[in-house]
Amino acid sequence: MVVQTPAAPATADRAAKKKWVYRFTAGKAEGNATMRALLGGKGAGLAEMTNAGLPVPPGFTITTEACNAYFAGGKRFPDGLWDEVLEGLSAVERETGKRLGDPKDPLLVSVRSGAQMSMPGMMDTVLNLGLNDETRAGLAKLTGNERFAWDAYRRFIQMFGRIVLEIDAAKFEHALEAAKKKAKAKQDTDLGADQLRVLVDDFRKIVKKEKGRDFPSDPKEQLRLAIEAVFRSWFGKRAHDYREVNKIAHDLGTACSVVTMVFGNMGNDSGTGVAFTRDPNTGDRTLFGEYLLNAQGEDVVAGIRTPHKLAELEREIPKAYRQFTEIAERLEKHYRDVQDLEFTIERGKLYMLQTRSAKRTARAAVRIAVEMVREGVIDKKEALRRVEPVHVDQLLLPRFDEKAVEQARKEGRYLGKGLNASPGAATGRAVFEADRAVEWKGKGEVVLLVRPETSPDDFHGMVAAAGILTSRGGSTSHAAVVARGLGLPCVVGMGELNVDLAKRTMKVGDKTLKEGGTISIDGTTGEVFLGELPTISPDYEKETELHQVLKWADEVRTLGVWVNADTPAECVRARRFGAEGVGLARTEHMFREAERLPYVQAMILAADATERRKHLRKLLPFQTKDFREIYKAMDGLPVVIRLIDPPLHEFLREIDMKELARITGLSPAKARAHVESRRAQLAEENPMLGLRGCRLLLVFPEILEMQIRAILGAAADVAAKGVVAKPEIMMPLVGTMGELHRLRTQTFEVAAAIEKERGTKIPFKFGTMIEIPRACVIADEIAAQTEFFSFGTNDLTQTVLGISRDDAQKSFLTRYVEEKIIPTDPFVSIDQEGVGAMVRMGVERGRKTKPDLKIGICGEHGGDPASIDFFHRAGLTYVSPSTFRVPSARLAAAHAALAGRTQRDR
Ligand code: PEP
Ligand code: MG
């Protein structure tokens with residue numbers, strides 16, 4: 001077969017000027033750590049380590065640009081690439097004194113993928129490249145180790161066959177299992193040279209049968225095909241899925257590093273391992289890792305054999321261990337961050353194969369950031385950048401209720417323990433295949449993915465699952481690494497667990513569970529239980545390191561963080577989380593409580609204002625009590641209370657007819673008939689654009705009166721007891737000045753009446769939501785009549801885009817996002833160009849009238865980090881997320897400030 005294919009003509013001219021290959025040979029590298037975008041994280045790390053004088057096997061990295069040019073040219077190598085590869089190869093050959101394909105002293109290489117962002121296990125790598133019948137024989141002779149040479153060969157054919165030739169992996173695995181069975185071998189390492197030789201023959205037959213051609217024996221052809229396969233893996237399904245979830249651009253491309261092979265499987269003075277310079281689960285400052293003697297890298301990562309703790313290496317190969325610990329320390333210092341390292345020991349000699357910034361759990365991220373500031377390694381701002389808002393959310397993850405755990409133990413529901421690979425607790429129905437996980441989730445089930453081990457092909461199922469359990473693998477196995485990245489609870493290496501994929505069952509001891517059975521896993525302790533366990537939230541007060549990070553965040557952020565809270569209990573919690581005010585109390589939520597709803601319903605059924613007032617009088621004490629409690633909880637902080645907003649029919653969904661009859665004095669039959677006719681009367685084709693928000697208050701001014709009485713009456717009540725109540729009355733859905741004038745007049749009339757009755761002044765602020773596009777347009781006029789705005793971005797998104805906030809997801813919006821018709825769900829992350837432009841207009845016009853106008857946002861977007869960044873830039877005063885997102889919003893606001901772009905002159 002011809003090795004070289006002609007370059008793609010379209011790109012030839014431009015491409016010719018590019019440098020495609022960067023070498024790291026003879027202790028010197030052409031690249032360095034800053035070139036991640038071009039060389040990928042792996043290539044940049046190898047270059048940096050080489051320049052630092054660390055033992056790195058020589059090699060070269062093909063750039064991400066080459067990968068992109070390959071695809072742009074219709075899957076052809078750009079002009080000049082293959083020549084540069086051959087030159088790089090010659091440099092490696094010169095340094096090692098070996099040659100690719102030389103039967104006497106063959107050079108073997110690995111061909112490794114590596115993108116700018118770490119995508120662990122999502123793309124492909126080929127090891128032992130360069131082997132054929134002749135070089136295998138040479139390798140055997142040189143090493144004096146027949147078994148080793150056959151093992152390397154069979155691994156190569158297996159890996160190349162799967163990745164490059166795209167043959168179903170199971171075909172090779174079946175042959176391997178059969179060989180082991182025949183030889184009565186327990187592990188792969190128990191197979192002898194003769195058995196491996198037969199296996200190589202079987203593997204080659206598989207290739208011939210599946211591909212209709214012989215296994216390629218020309219090492220240069222192998223190299224070229226492997227590079228193409230690595231490029232291809234950038235667009236492989238699992239890499240694609242991973243980028244979707246992690247919001248990584250699809251056009252970055254992968255680099256490809258070709259590295260001299262070193263062998264961890266040359267006997268018991270050889271080995272391979274992965275390590276972290278600190279514990280990636282807890283952040284503990286100890287070298288943390290695993291290794292296997294007499295093994296190759298994929299054995300550790302795939303979790304096929306259970307690896308040993310790194311500390312044991314000190315006993316087994318002390319010299320290499322000491323050198324490794326020194327290098328690890330040096331690399332952490334050099335990069336000023338925790339490193340994820342890969343190493344191989346070949347006959348006692350240590351080689352470094354990778355260094356990259358380590359993925360870590362939320363707990364570890366926070367702890368490491370705080371401790372590195374204390375150690376003087378990084379400053380507070382850097383520490384803030386190293387913690388993500390999602391880490392903060394994860395730290396407040398639920399865990400199992402201990403009493404329920406005790407009970408489960410007594411009931412014999414404790415199944416066993418695996419490695420605690422990623423924290424958090426999850427209860428759900430067991431499924432055993434990734435596709436099933438997706439399918440079941442689609443049906444609304446909470447599922448846990450249970451597997452012998454996971455591979456990158458399971459990624460979509462892992463994303464769909466609420467937690468992951470495997471019977472094999474260590475804490476650096478694929479399942480563990482991916483789960484940590486996704487923030488999912490995960491237990492791995494649960495030895496007593498038997499998963500039967502064919503029968504779709506799992507078995508532990510004498511307990512068998514079928515697909516769909518419920519289990520509970522605790523990724524923090526590693527424990528697994530049968531059946532459901534209730535979860536409880538963690539104790540925020542005890543998270544001292546998190547408090548430290550959030551305190552630093554408060555020092556740098558300029559955006560306020562308030563909270564959407566409707567109940568006193570929520571207010572108390574939110575205040576502990578650091579909320580600086582209530583940005584939205586939705587009063588209608590208080591109407592829905594059982595003892596109140598019948599009065600609300602009676603009020604809705606009322607024939608006239610007099611009757612409505614009668615029922616509203618009953619509601620007044622309830623609502624007053626609510627507000628008193630909220631003021632007490634928020635003592636000294638502002639509380640924005642929005643008057644009733646939803647369409648009235650929403651209160652008529654469930655009716656206790658007996659109670660309603662009692663209240664209205666009607667017979668149950670009459671009450672029912674009355675309800676039906678009122679329902680019919682209130683029915684609207686577009687209720688969200690109908691009689692709701694301030695329109696309700698204008699049609700039924702008695703409701704406004706009752707609510708203002710409750711708000712201000714409660715304020716006067718608690719003020720008398722020394723509580724500093726700061727009510728801010730907010731009108732929903734205002735779109736015209738006519739509405740606003742009337743609402744304002746009525747509000748101030750009621751306020752004046754209450755003040756007169758009570759003989760005291762009751763301070764309050766008057767403001768509006770801005771959630772109708774027209775309100776943004778007339779924001780200058782609105783500002784003249786109000787003291788604050790709050791953007792209701794849920795309704796504003798609905799009205800600007802003309803997309804229903806309630807129905808769109810299921811019918812088309814999710815599909816729009818999947819098919820990239822729009823980049824993200826605009827109800828989750830603000831549509832910056834459209835809705836965002838309206839927000840900017842509202843801010844600009846409002847502040848033209850009142851430069852100091854206080855402007856908040858209380859839609860769901862107030863808890864979304866990307867949206868928070870936008871609101872910071874738009875010059876808002878505060879964001880108001882839901883209670884549990886308050887801590888992460890504080891950090892997101894700090895990140896926005898650190899990014900240093902604000903339009904507002906503060
Ligand atoms: C909004 O529309 O953004 C808002 C906060 O109000 P609600 O969600 O109650 O309509
Ligand atoms: Mg709204």
# chains A, B, ... in the order shown; residues from 1 in each chain; ligands from 1
>>> select_by_dssp(residues="stretch 145-280 of chain A", states="alpha helix (DSSP H)", output="NGL selection string")
:A and (146-163 or 169-182 or 193-211 or 219-233 or 237-246)
>>> write_last_selection(atoms="C-alpha atoms", output="mmCIF file, in the first residue's frame")
data_model
loop_
_atom_site.group_PDB
_atom_site.id
_atom_site.type_symbol
_atom_site.label_atom_id
_atom_site.label_comp_id
_atom_site.auth_asym_id
_atom_site.auth_seq_id
_atom_site.Cartn_x
_atom_site.Cartn_y
_atom_site.Cartn_z
ATOM 1 C CA GLU A 146 9.772 -13.916 24.277
ATOM 2 C CA ARG A 147 6.679 -13.528 26.361
ATOM 3 C CA PHE A 148 7.024 -9.795 26.585
ATOM 4 C CA ALA A 149 7.417 -9.471 22.829
ATOM 5 C CA TRP A 150 4.352 -11.607 22.088
ATOM 6 C CA ASP A 151 2.338 -9.737 24.685
ATOM 7 C CA ALA A 152 3.303 -6.365 23.193
ATOM 8 C CA TYR A 153 2.372 -7.655 19.742
ATOM 9 C CA ARG A 154 -1.017 -9.005 20.730
ATOM 10 C CA ARG A 155 -1.812 -5.769 22.559
ATOM 11 C CA PHE A 156 -0.848 -3.790 19.492
ATOM 12 C CA ILE A 157 -3.014 -5.784 17.097
ATOM 13 C CA GLN A 158 -5.897 -5.618 19.536
ATOM 14 C CA MET A 159 -5.650 -1.862 20.029
ATOM 15 C CA PHE A 160 -4.889 -1.033 16.410
ATOM 16 C CA GLY A 161 -7.680 -3.343 15.285
ATOM 17 C CA ARG A 162 -10.205 -1.667 17.531
ATOM 18 C CA ILE A 163 -9.180 1.944 17.135
ATOM 19 C CA ALA A 169 -13.588 -4.711 20.478
ATOM 20 C CA ALA A 170 -15.651 -7.659 21.681
ATOM 21 C CA LYS A 171 -14.244 -9.814 18.881
ATOM 22 C CA PHE A 172 -10.735 -9.516 20.346
ATOM 23 C CA GLU A 173 -11.932 -9.782 23.929
ATOM 24 C CA HIS A 174 -13.751 -13.040 23.201
ATOM 25 C CA ALA A 175 -10.611 -14.494 21.678
ATOM 26 C CA LEU A 176 -8.580 -13.372 24.706
ATOM 27 C CA GLU A 177 -11.110 -14.825 27.129
ATOM 28 C CA ALA A 178 -11.114 -18.081 25.182
ATOM 29 C CA ALA A 179 -7.313 -18.241 25.314
ATOM 30 C CA LYS A 180 -7.371 -17.642 29.062
ATOM 31 C CA LYS A 181 -9.994 -20.286 29.571
ATOM 32 C CA LYS A 182 -8.061 -22.781 27.537
ATOM 33 C CA ALA A 193 4.621 -16.907 25.247
ATOM 34 C CA ASP A 194 3.221 -19.863 23.311
ATOM 35 C CA GLN A 195 -0.334 -19.067 24.253
ATOM 36 C CA LEU A 196 0.170 -15.447 23.276
ATOM 37 C CA ARG A 197 1.622 -16.510 19.940
ATOM 38 C CA VAL A 198 -1.528 -18.481 19.191
ATOM 39 C CA LEU A 199 -3.580 -15.515 20.298
ATOM 40 C CA VAL A 200 -1.723 -13.207 17.902
ATOM 41 C CA ASP A 201 -2.616 -15.620 15.140
ATOM 42 C CA ASP A 202 -6.256 -15.557 16.189
ATOM 43 C CA PHE A 203 -6.223 -11.761 16.275
ATOM 44 C CA ARG A 204 -4.788 -11.590 12.797
ATOM 45 C CA LYS A 205 -7.496 -13.923 11.569
ATOM 46 C CA ILE A 206 -10.093 -11.620 13.069
ATOM 47 C CA VAL A 207 -8.588 -8.686 11.155
ATOM 48 C CA LYS A 208 -8.547 -10.623 7.902
ATOM 49 C CA LYS A 209 -12.135 -11.756 8.362
ATOM 50 C CA GLU A 210 -13.482 -8.358 9.375
ATOM 51 C CA LYS A 211 -11.507 -6.211 6.963
ATOM 52 C CA PRO A 219 5.338 0.462 10.381
ATOM 53 C CA LYS A 220 5.125 3.728 8.457
ATOM 54 C CA GLU A 221 1.740 2.795 7.129
ATOM 55 C CA GLN A 222 0.749 1.884 10.664
ATOM 56 C CA LEU A 223 1.913 5.297 11.825
ATOM 57 C CA ARG A 224 0.027 7.167 9.199
ATOM 58 C CA LEU A 225 -3.189 5.236 9.802
ATOM 59 C CA ALA A 226 -2.857 5.698 13.559
ATOM 60 C CA ILE A 227 -2.429 9.471 13.220
ATOM 61 C CA GLU A 228 -5.547 9.598 11.092
ATOM 62 C CA ALA A 229 -7.430 7.517 13.672
ATOM 63 C CA VAL A 230 -6.393 9.901 16.446
ATOM 64 C CA PHE A 231 -7.623 12.840 14.365
ATOM 65 C CA ARG A 232 -10.863 10.966 13.684
ATOM 66 C CA SER A 233 -11.419 10.316 17.351
ATOM 67 C CA LYS A 237 -19.329 9.954 19.545
ATOM 68 C CA ARG A 238 -17.981 9.968 23.076
ATOM 69 C CA ALA A 239 -15.672 12.933 22.455
ATOM 70 C CA HIS A 240 -18.567 14.759 20.861
ATOM 71 C CA ASP A 241 -20.883 13.981 23.791
ATOM 72 C CA TYR A 242 -18.232 15.050 26.268
ATOM 73 C CA ARG A 243 -17.747 18.383 24.530
ATOM 74 C CA GLU A 244 -21.487 18.958 24.452
ATOM 75 C CA VAL A 245 -21.804 18.423 28.196
ATOM 76 C CA ASN A 246 -18.710 20.440 29.030
#
>>> residues_around(residues="stretch 283-293 of chain A", least_positions_apart="3", cutoff="6 Å", atoms="only C-alpha atoms", output="PyMOL selection string")
chain A and resi 268+270-280+307-310+364+367-368
>>> residues_near_ligand(ligand="ligand 1", cutoff="10 Å", atoms="only C-alpha atoms and all ligand atoms", output="VMD selection string")
chain A and resid 564 583 to 589 642 644 to 646 688 692 to 693 732 to 733 769 to 772 790 to 799 805 827 857 to 862 880 to 881
>>> residues_around(residues="stretch 80-88 of chain A", least_positions_apart="6", cutoff="7 Å", atoms="only C-alpha atoms", output="PDB file with N, CA and C atoms, in the first residue's frame")
ATOM      1  N   ALA A  16       1.333  25.090   3.291  1.00  0.00           N
ATOM      2  CA  ALA A  16       2.765  24.855   3.138  1.00  0.00           C
ATOM      3  C   ALA A  16       3.596  25.701   4.098  1.00  0.00           C
ATOM      4  N   TRP A  20       3.796  22.091  11.256  1.00  0.00           N
ATOM      5  CA  TRP A  20       2.798  21.129  11.735  1.00  0.00           C
ATOM      6  C   TRP A  20       3.317  20.295  12.911  1.00  0.00           C
ATOM      7  N   VAL A  21       4.615  20.177  13.029  1.00  0.00           N
ATOM      8  CA  VAL A  21       5.170  19.217  13.985  1.00  0.00           C
ATOM      9  C   VAL A  21       6.159  19.911  14.924  1.00  0.00           C
ATOM     10  N   ARG A  23       8.926  19.121  17.938  1.00  0.00           N
ATOM     11  CA  ARG A  23       9.663  17.989  18.517  1.00  0.00           C
ATOM     12  C   ARG A  23       9.987  18.197  19.990  1.00  0.00           C
ATOM     13  N   PHE A  60       7.427  13.704  19.229  1.00  0.00           N
ATOM     14  CA  PHE A  60       7.008  14.961  18.611  1.00  0.00           C
ATOM     15  C   PHE A  60       5.484  15.056  18.654  1.00  0.00           C
TER      16      PHE A  60
END
>>> residues_around(residues="A:Gly416", least_positions_apart="2", cutoff="12 Å", atoms="only C-alpha atoms", output="ChimeraX atom specification")
/A:409,412-414,418-420,469,471,491-498,507-509,511,519-522,525-530
>>> select_by_dssp(residues="stretch 478-549 of chain A", states="strand (DSSP E or B)", output="ChimeraX atom specification")
/A:490-492,497-500,505-508,511-514,518-522,527-530,535-536
>>> atom_distance(atom1="atom CA of A:Lys247", atom2="atom CA of A:Gly297")
28.4 Å
>>> atom_distance(atom1="atom CA of A:Leu616", atom2="atom CA of A:Gly636")
29.2 Å
>>> residues_around(residues="A:Gly43", least_positions_apart="2", cutoff="9 Å", atoms="only C-alpha atoms", output="list in words")
Tyr22, Gly31, Asn32, Ala33, Met35, Arg36, Leu38, Leu39, Gly40, Gly41, Gly45, Leu46, Ala47, Glu48, Phe60, Thr61, Ile62, Thr63, Ser113, Gly114, Ala115, Ala255, Cys256, Ser257 and Gln354 of chain A
>>> residues_around(residues="A:Pro668", least_positions_apart="4", cutoff="8 Å", atoms="only C-alpha atoms", output="list in words")
Met657, Lys658, Leu660, Ala661 and Arg672 of chain A
>>> decode(residues="stretch 107-120 of chain A", atoms="all heavy atoms", output="PDB file, in the first residue's frame")
ATOM      1  N   LEU A 107      12.376   0.614  16.853  1.00  0.00           N
ATOM      2  CA  LEU A 107      11.768   1.683  17.649  1.00  0.00           C
ATOM      3  C   LEU A 107      10.263   1.421  17.662  1.00  0.00           C
ATOM      4  O   LEU A 107       9.671   1.142  16.625  1.00  0.00           O
ATOM      5  CB  LEU A 107      12.041   3.042  16.978  1.00  0.00           C
ATOM      6  CG  LEU A 107      11.276   4.237  17.565  1.00  0.00           C
ATOM      7  CD1 LEU A 107      11.863   4.621  18.925  1.00  0.00           C
ATOM      8  CD2 LEU A 107      11.324   5.437  16.628  1.00  0.00           C
ATOM      9  N   LEU A 108       9.677   1.495  18.845  1.00  0.00           N
ATOM     10  CA  LEU A 108       8.220   1.417  18.923  1.00  0.00           C
ATOM     11  C   LEU A 108       7.731   2.746  19.477  1.00  0.00           C
ATOM     12  O   LEU A 108       8.391   3.366  20.304  1.00  0.00           O
ATOM     13  CB  LEU A 108       7.773   0.275  19.837  1.00  0.00           C
ATOM     14  CG  LEU A 108       8.229  -1.129  19.458  1.00  0.00           C
ATOM     15  CD1 LEU A 108       7.554  -2.158  20.358  1.00  0.00           C
ATOM     16  CD2 LEU A 108       7.911  -1.448  18.001  1.00  0.00           C
ATOM     17  N   VAL A 109       6.568   3.172  18.999  1.00  0.00           N
ATOM     18  CA  VAL A 109       6.039   4.452  19.474  1.00  0.00           C
ATOM     19  C   VAL A 109       4.589   4.307  19.924  1.00  0.00           C
ATOM     20  O   VAL A 109       3.897   3.358  19.552  1.00  0.00           O
ATOM     21  CB  VAL A 109       6.103   5.544  18.374  1.00  0.00           C
ATOM     22  CG1 VAL A 109       7.541   5.893  18.023  1.00  0.00           C
ATOM     23  CG2 VAL A 109       5.325   5.119  17.140  1.00  0.00           C
ATOM     24  N   SER A 110       4.164   5.288  20.717  1.00  0.00           N
ATOM     25  CA  SER A 110       2.737   5.426  21.011  1.00  0.00           C
ATOM     26  C   SER A 110       2.249   6.626  20.230  1.00  0.00           C
ATOM     27  O   SER A 110       3.009   7.562  19.989  1.00  0.00           O
ATOM     28  CB  SER A 110       2.509   5.627  22.504  1.00  0.00           C
ATOM     29  OG  SER A 110       3.158   6.796  22.938  1.00  0.00           O
ATOM     30  N   VAL A 111       0.996   6.583  19.819  1.00  0.00           N
ATOM     31  CA  VAL A 111       0.394   7.692  19.083  1.00  0.00           C
ATOM     32  C   VAL A 111      -0.787   8.154  19.929  1.00  0.00           C
ATOM     33  O   VAL A 111      -1.779   7.437  20.074  1.00  0.00           O
ATOM     34  CB  VAL A 111      -0.042   7.229  17.678  1.00  0.00           C
ATOM     35  CG1 VAL A 111      -0.632   8.386  16.882  1.00  0.00           C
ATOM     36  CG2 VAL A 111       1.141   6.634  16.933  1.00  0.00           C
ATOM     37  N   ARG A 112      -0.641   9.354  20.506  1.00  0.00           N
ATOM     38  CA  ARG A 112      -1.567   9.760  21.567  1.00  0.00           C
ATOM     39  C   ARG A 112      -2.368  10.999  21.200  1.00  0.00           C
ATOM     40  O   ARG A 112      -1.825  11.958  20.678  1.00  0.00           O
ATOM     41  CB  ARG A 112      -0.781  10.073  22.851  1.00  0.00           C
ATOM     42  CG  ARG A 112      -0.063   8.868  23.408  1.00  0.00           C
ATOM     43  CD  ARG A 112       0.950   9.263  24.469  1.00  0.00           C
ATOM     44  NE  ARG A 112       1.571   8.072  24.995  1.00  0.00           N
ATOM     45  CZ  ARG A 112       1.203   7.464  26.126  1.00  0.00           C
ATOM     46  NH1 ARG A 112       0.241   7.970  26.855  1.00  0.00           N
ATOM     47  NH2 ARG A 112       1.811   6.369  26.515  1.00  0.00           N
ATOM     48  N   SER A 113      -3.642  10.962  21.514  1.00  0.00           N
ATOM     49  CA  SER A 113      -4.477  12.141  21.298  1.00  0.00           C
ATOM     50  C   SER A 113      -4.285  13.094  22.469  1.00  0.00           C
ATOM     51  O   SER A 113      -3.825  12.701  23.531  1.00  0.00           O
ATOM     52  CB  SER A 113      -5.937  11.704  21.233  1.00  0.00           C
ATOM     53  OG  SER A 113      -6.257  10.975  22.393  1.00  0.00           O
ATOM     54  N   GLY A 114      -4.659  14.327  22.290  1.00  0.00           N
ATOM     55  CA  GLY A 114      -4.582  15.284  23.400  1.00  0.00           C
ATOM     56  C   GLY A 114      -5.064  16.643  22.968  1.00  0.00           C
ATOM     57  O   GLY A 114      -4.450  17.299  22.148  1.00  0.00           O
ATOM     58  N   ALA A 115      -6.227  17.042  23.499  1.00  0.00           N
ATOM     59  CA  ALA A 115      -6.805  18.327  23.104  1.00  0.00           C
ATOM     60  C   ALA A 115      -6.359  19.431  24.060  1.00  0.00           C
ATOM     61  O   ALA A 115      -5.715  19.168  25.076  1.00  0.00           O
ATOM     62  CB  ALA A 115      -8.320  18.227  23.102  1.00  0.00           C
ATOM     63  N   GLN A 116      -6.750  20.627  23.708  1.00  0.00           N
ATOM     64  CA  GLN A 116      -6.415  21.783  24.553  1.00  0.00           C
ATOM     65  C   GLN A 116      -7.011  21.616  25.950  1.00  0.00           C
ATOM     66  O   GLN A 116      -6.363  21.863  26.955  1.00  0.00           O
ATOM     67  CB  GLN A 116      -6.983  23.030  23.871  1.00  0.00           C
ATOM     68  CG  GLN A 116      -6.785  24.294  24.665  1.00  0.00           C
ATOM     69  CD  GLN A 116      -7.358  25.497  23.917  1.00  0.00           C
ATOM     70  OE1 GLN A 116      -7.852  25.387  22.802  1.00  0.00           O
ATOM     71  NE2 GLN A 116      -7.275  26.647  24.532  1.00  0.00           N
ATOM     72  N   MET A 117      -8.274  21.203  25.988  1.00  0.00           N
ATOM     73  CA  MET A 117      -8.927  20.940  27.268  1.00  0.00           C
ATOM     74  C   MET A 117      -8.766  19.449  27.547  1.00  0.00           C
ATOM     75  O   MET A 117      -8.901  18.646  26.642  1.00  0.00           O
ATOM     76  CB  MET A 117     -10.431  21.195  27.213  1.00  0.00           C
ATOM     77  CG  MET A 117     -10.826  22.318  26.340  1.00  0.00           C
ATOM     78  SD  MET A 117     -10.637  23.814  27.253  1.00  0.00           S
ATOM     79  CE  MET A 117     -11.242  24.999  26.105  1.00  0.00           C
ATOM     80  N   SER A 118      -8.575  19.141  28.796  1.00  0.00           N
ATOM     81  CA  SER A 118      -8.450  17.730  29.137  1.00  0.00           C
ATOM     82  C   SER A 118      -9.800  17.036  28.894  1.00  0.00           C
ATOM     83  O   SER A 118     -10.833  17.475  29.379  1.00  0.00           O
ATOM     84  CB  SER A 118      -8.021  17.639  30.597  1.00  0.00           C
ATOM     85  OG  SER A 118      -8.427  16.429  31.129  1.00  0.00           O
ATOM     86  N   MET A 119      -9.773  15.969  28.132  1.00  0.00           N
ATOM     87  CA  MET A 119     -10.992  15.190  27.871  1.00  0.00           C
ATOM     88  C   MET A 119     -10.670  13.735  28.196  1.00  0.00           C
ATOM     89  O   MET A 119     -10.523  12.914  27.291  1.00  0.00           O
ATOM     90  CB  MET A 119     -11.391  15.324  26.391  1.00  0.00           C
ATOM     91  CG  MET A 119     -11.777  16.735  26.014  1.00  0.00           C
ATOM     92  SD  MET A 119     -11.990  16.999  24.237  1.00  0.00           S
ATOM     93  CE  MET A 119     -13.129  15.722  23.757  1.00  0.00           C
ATOM     94  N   PRO A 120     -10.561  13.409  29.484  1.00  0.00           N
ATOM     95  CA  PRO A 120      -9.974  12.127  29.868  1.00  0.00           C
ATOM     96  C   PRO A 120     -10.658  10.933  29.222  1.00  0.00           C
ATOM     97  O   PRO A 120     -11.853  10.730  29.403  1.00  0.00           O
ATOM     98  CB  PRO A 120     -10.129  12.101  31.393  1.00  0.00           C
ATOM     99  CG  PRO A 120     -11.007  13.230  31.747  1.00  0.00           C
ATOM    100  CD  PRO A 120     -11.080  14.167  30.598  1.00  0.00           C
TER     101      PRO A 120
END
